[in-house]
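Reading through the structure tokens given below for one structure.
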Amino acid sequence: MNRPMEPVPARAADRCPPAARAGTVVVSSVSSDAHTWNLVFLQLLIEELGYTVLNLGPCVPDDLLIEECCRIAPVMVVISSVNGHGREEGLRLIDRLRARPELAATPVVIGGKLGIEHEAAAGQTEALLDAGFDAVFADGPGAADFRTLLASMAPRAGELAGDGGRT
Amino acid sequence: MSDVAPRTVSTDVHPSEVDFGAFVRRAADAGELVAQPRMGFGPPGLMRAGLAATRSAAATTVGTLTLDSYTRVGDLASAERAVRADGGANLNGYPIVSHPAETTAAVLAGLLNRDFPVQVRHGSAVPADIFSALIALRLTATEGGPVSYCLPYGRTPLAESIRNWSDCAVRFAALREFQSEPHLETFGGCMLGQLCPPGLLVALSVLEALFFQQRGLRSLSVSYAQQTNPEQDIEAVLALRRLCQELLSLSSWHVVIYAYMGVYPRTDRGAYRLLGEAAGLALATGSERIIVKTVAESRRIPTIAENVAALEYVARAAGARPPLRPPADGANGDDSATYQEANALINAVRNLHRDIGTALLLAFRHGYLDVPYCVHPDNRGRTRSALDGAGRLCWADTGALPVPPPERRAPAGAVTSSGLLEDLFYIQRKYDACAPESGETAASPALAERSRRLPGPR
């Protein structure tokens with residue numbers, strides 16, 4: 001068994017001394033998405049890889065996410081959304097996030113069920129990459145499984161954060 | 001807070017004629033389980049088609065208007081933009097605040113009536129605009145709760161959610177001035193959808209019912225979401241019924257079972273077997289209403305046809321059943337571990353303050369209520385849960401919960417990302433793997449017998 005689970009402290013700020021361990025990864029949803037399990041899983045997984053995680057939880061307003069990222073300078077931002085609004089909200093969010101000079105080079109990835117269609121809309125990944133995401137893990141044929149999707153994000157997160165070391 | 005929306009455009013039926021609680025009670029008396037979808041579409045025409053199909057399904061049904069997630073979080077600008085862009089075709093639910101009231105009245109015209117009540121479902125911790133829209137339309141059935149619509153879904157402070165829900169419940173109860181009986185369902189029995197141990201689900205459902213009762217509602221339903229072990233679920237719903245009987249003083253209450261809300265089976269057969277188990281749970285516990293899931297659940301928002309198929313499946317699985325009888329003395333269900341745990345939680349919370357809203361706030365502050373894996377800033381997050389070998393949902397850590405030592409406990413250190421995934425996908429794995437079977441419902445003669453001596457409302 002791995003190390004015992006640490007309780008999740010009540011205040012986000014308490015749980016995240018900047019530059020702890022291998023660095024801090026911000027896990028967050030988009031502002032209209034209320035799903036949580038994807039975020040809880042990502043938190044445990046990324047913690048097991050040696051990072052500190054600031055889990056902002058579901059329905060995070062853009063401003064809050066941006067302010068928290070500016071405050072703690074994360075080694076990576078992982079956006080996960082499964083309610084079907086992720087594509088639109090992701091495009092809006094990345095625009096605002098990249099507009100902040102402090103976050104212009106921060107690795108930011110997005111994944112989940114990003115549209116309400118059964119299959120990922122054509123051009124969705126390209127649009128999100130063009131807008132400024134470093135990687136897109138869209139659901140769809142071949143990756144329809146939430147589990148596969150999430151599992152596939154983590155090593156990638158480790159890779160990017162480890163190699164990038166941009167903070 | 002203003003009492004009404006700017007303009008009132010009521011539906012074409014007088015609110016006194018539509019009584020959600022009474023409809024469900026009549027169905028239960030006739031031995032029918034009421035089946036309900038969780039349907040919501042952005043475009044008015046599609047929403048109307050969904051309601052019409054629900055109404056004409058071969059099942060005893062009530063209608064559902066599920067709202068889109070922009071409206072739920074109060075981002076009305078985005079909802080309005082989506083309506084202007086293409087009539088709401090890209091929304092994941094019906095934007096009741098952004099469509100003109102006339103539009104919603106037209107969606108419901110000729111469908112909503114005494115024999116087809118419609119419930120508005122959302123999930124908002126800031127529901128003032130939603131309630132204004134309902135009240136203006138004189139719609140008399142909805143659901144939610146100060147805790148259950150706040151902690152799992154966002155970052156609205158609990159104190160704010162409690163204030164919001166308090167105000168809205170009082171305004172909603174005032175619909176009685178139209179000789180109607182507004183009905184509210186507590187969502188507390190569904191916290192996080194999965195991995196919340198049954199004792200805590202039951203306690204939260206009852207506490208939210210007490211909260212609404214204190215704010216003047218007289219017709220309520222209490223929810224419980226199917227979890228991972230049928231016997232444990234039956235024990236939980238019987239505990240819920242007994243606690244409602246002991247603690248609520250209402251003119252009407254009933255229990256609503258939610259088909260599994262976690263990661264759903266991907267095969268049609270697995271999905272239907274799981275839905276059949278949920279119907280079996282309702283039958284075994286005398287529950288009056290069920291919210292269905294469809295075969296498409298693991299993949300996307302289900303179509304109207306898939307919803308209708310699920311409603312009709314439940315109706316066939318339930319069949320005719322004997323009417324619920326009033327409880328006989330001493331037939332209140334066993335003093336089960338779930339009952340004792342829920343009762344201990346409820347008592348600890350009620351002892352904190354006579355106002356249930358204040359008591360709930362204090363309880364989360366003290367960790368007397370603490371939802372495992374909930375990342376909301378006002379949830380302590382000291383509790384953990386996991387499945388045991390028999391698929392029973394157990395505490396791995398009870399944190400500061402004032403509960404008796406659990407009978408069963410998950411092994412310490414069981415909670416890792418892979419352990420969590422195992423548990424989150426347990427039901428999908430189990431039901432997708434199972435071989436075909438003829439008997440799809442779980443209701444056994446012994447359970448049916450038990451259901452005849454259940455506690456219920458007077």
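Following the order of the structure tokens, first chain is A, next is B, and so on, with residues numbered from 1 inside each chain and ligands from 1 in the order they appear.
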| message | Contacts from chain B to chain A, 7 Å maximum, only C-alpha atoms: show me the residue list as a count of residues only. | response | 21
| said: So that I can see what lies close to Thr60 in chain B, please list as a PyMOL selection string the residues with an atom at most 7 Å from it, counting only C-alpha atoms and leaving out residues fewer than 4 positions away in the same chain. | reply: chain B and resi 32-35
I need the chosen residues saved as a JSON list (two decimals), in the first residue's frame, with N, CA and C atoms.
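Final output, saved to result-v3.json:
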[["chain", "number", "residue", "atom", "x", "y", "z"],
["B", 32, "GLU", "N", -48.82, 1.47, -7.85],
["B", 32, "GLU", "CA", -47.95, 1.80, -8.99],
["B", 32, "GLU", "C", -46.72, 2.59, -8.54],
["B", 33, "LEU", "N", -45.58, 2.20, -9.09],
["B", 33, "LEU", "CA", -44.34, 2.93, -8.86],
["B", 33, "LEU", "C", -44.25, 4.04, -9.89],
["B", 34, "VAL", "N", -44.06, 5.28, -9.46],
["B", 34, "VAL", "CA", -43.97, 6.40, -10.39],
["B", 34, "VAL", "C", -42.54, 6.47, -10.94],
["B", 35, "ALA", "N", -42.43, 6.49, -12.25],
["B", 35, "ALA", "CA", -41.12, 6.54, -12.89],
["B", 35, "ALA", "C", -40.90, 7.93, -13.48]]
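Distance-wise, CA of Val18 in chain B and CA of Pro117 in chain B end up 5.9 Å apart.
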| DSSP says strand (DSSP E or B) for which residues of range 29-113 of chain B? Put them as a list of chain:residue names? | B:Val34, B:Ala35, B:Gln36, B:Thr61, B:Gly63, B:Thr64, B:Leu65, B:Thr66, B:Asn113
Emit the selected residues as a PDB file, in the first residue's frame, including N, CA, C and O atoms.
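Written output follows (again31.pdb):
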ATOM      1  N   VAL B  34     -44.062   5.278  -9.460  1.00  0.00           N
ATOM      2  CA  VAL B  34     -43.969   6.397 -10.392  1.00  0.00           C
ATOM      3  C   VAL B  34     -42.540   6.473 -10.935  1.00  0.00           C
ATOM      4  O   VAL B  34     -41.580   6.504 -10.165  1.00  0.00           O
ATOM      5  N   ALA B  35     -42.434   6.487 -12.248  1.00  0.00           N
ATOM      6  CA  ALA B  35     -41.116   6.540 -12.888  1.00  0.00           C
ATOM      7  C   ALA B  35     -40.900   7.931 -13.479  1.00  0.00           C
ATOM      8  O   ALA B  35     -41.828   8.547 -14.015  1.00  0.00           O
ATOM      9  N   GLN B  36     -39.672   8.400 -13.384  1.00  0.00           N
ATOM     10  CA  GLN B  36     -39.369   9.766 -13.814  1.00  0.00           C
ATOM     11  C   GLN B  36     -38.008   9.797 -14.506  1.00  0.00           C
ATOM     12  O   GLN B  36     -37.048   9.216 -14.006  1.00  0.00           O
ATOM     13  N   THR B  61     -45.956   7.987 -14.966  1.00  0.00           N
ATOM     14  CA  THR B  61     -44.804   8.892 -15.021  1.00  0.00           C
ATOM     15  C   THR B  61     -45.133  10.288 -14.495  1.00  0.00           C
ATOM     16  O   THR B  61     -46.297  10.695 -14.473  1.00  0.00           O
ATOM     17  N   GLY B  63     -43.303  14.290 -15.239  1.00  0.00           N
ATOM     18  CA  GLY B  63     -42.374  14.916 -16.170  1.00  0.00           C
ATOM     19  C   GLY B  63     -41.233  15.618 -15.461  1.00  0.00           C
ATOM     20  O   GLY B  63     -41.310  15.919 -14.267  1.00  0.00           O
ATOM     21  N   THR B  64     -40.192  15.870 -16.222  1.00  0.00           N
ATOM     22  CA  THR B  64     -39.005  16.532 -15.682  1.00  0.00           C
ATOM     23  C   THR B  64     -38.546  17.636 -16.614  1.00  0.00           C
ATOM     24  O   THR B  64     -38.477  17.451 -17.828  1.00  0.00           O
ATOM     25  N   LEU B  65     -38.252  18.778 -16.034  1.00  0.00           N
ATOM     26  CA  LEU B  65     -37.542  19.839 -16.754  1.00  0.00           C
ATOM     27  C   LEU B  65     -36.196  19.975 -16.067  1.00  0.00           C
ATOM     28  O   LEU B  65     -36.094  20.566 -14.992  1.00  0.00           O
ATOM     29  N   THR B  66     -35.152  19.387 -16.647  1.00  0.00           N
ATOM     30  CA  THR B  66     -33.818  19.550 -16.061  1.00  0.00           C
ATOM     31  C   THR B  66     -33.153  20.764 -16.690  1.00  0.00           C
ATOM     32  O   THR B  66     -33.155  20.916 -17.920  1.00  0.00           O
ATOM     33  N   ASN B 113     -50.797  18.682 -16.073  1.00  0.00           N
ATOM     34  CA  ASN B 113     -52.126  18.711 -15.441  1.00  0.00           C
ATOM     35  C   ASN B 113     -52.132  17.815 -14.204  1.00  0.00           C
ATOM     36  O   ASN B 113     -51.077  17.338 -13.773  1.00  0.00           O
TER      37      ASN B 113
END
| task | Compile the contact shell of Ile110 in chain A as a VMD selection string: residues with an atom at most 7 Å away, counting only C-alpha atoms, same-chain residues fewer than 4 positions apart removed. | result | chain A and resid 78 to 80 135 to 137
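Near range 310-315 of chain B, within 9 Å and counting only C-alpha atoms, sit Glu32, Leu33, Val34, Ala35, Gln36, Pro37, Thr54, Ala57, Ala58, Ala59, Thr60, Thr61, Tyr272, Leu275, Gly276, Ala278, Ala279, Ile290, Ile291, Val292, Lys293, Thr294, Val295, Ala305, Glu306, Asn307, Ala318, Gly319 and Ala320 of chain B, not including residues fewer than 3 positions from it in the same chain.
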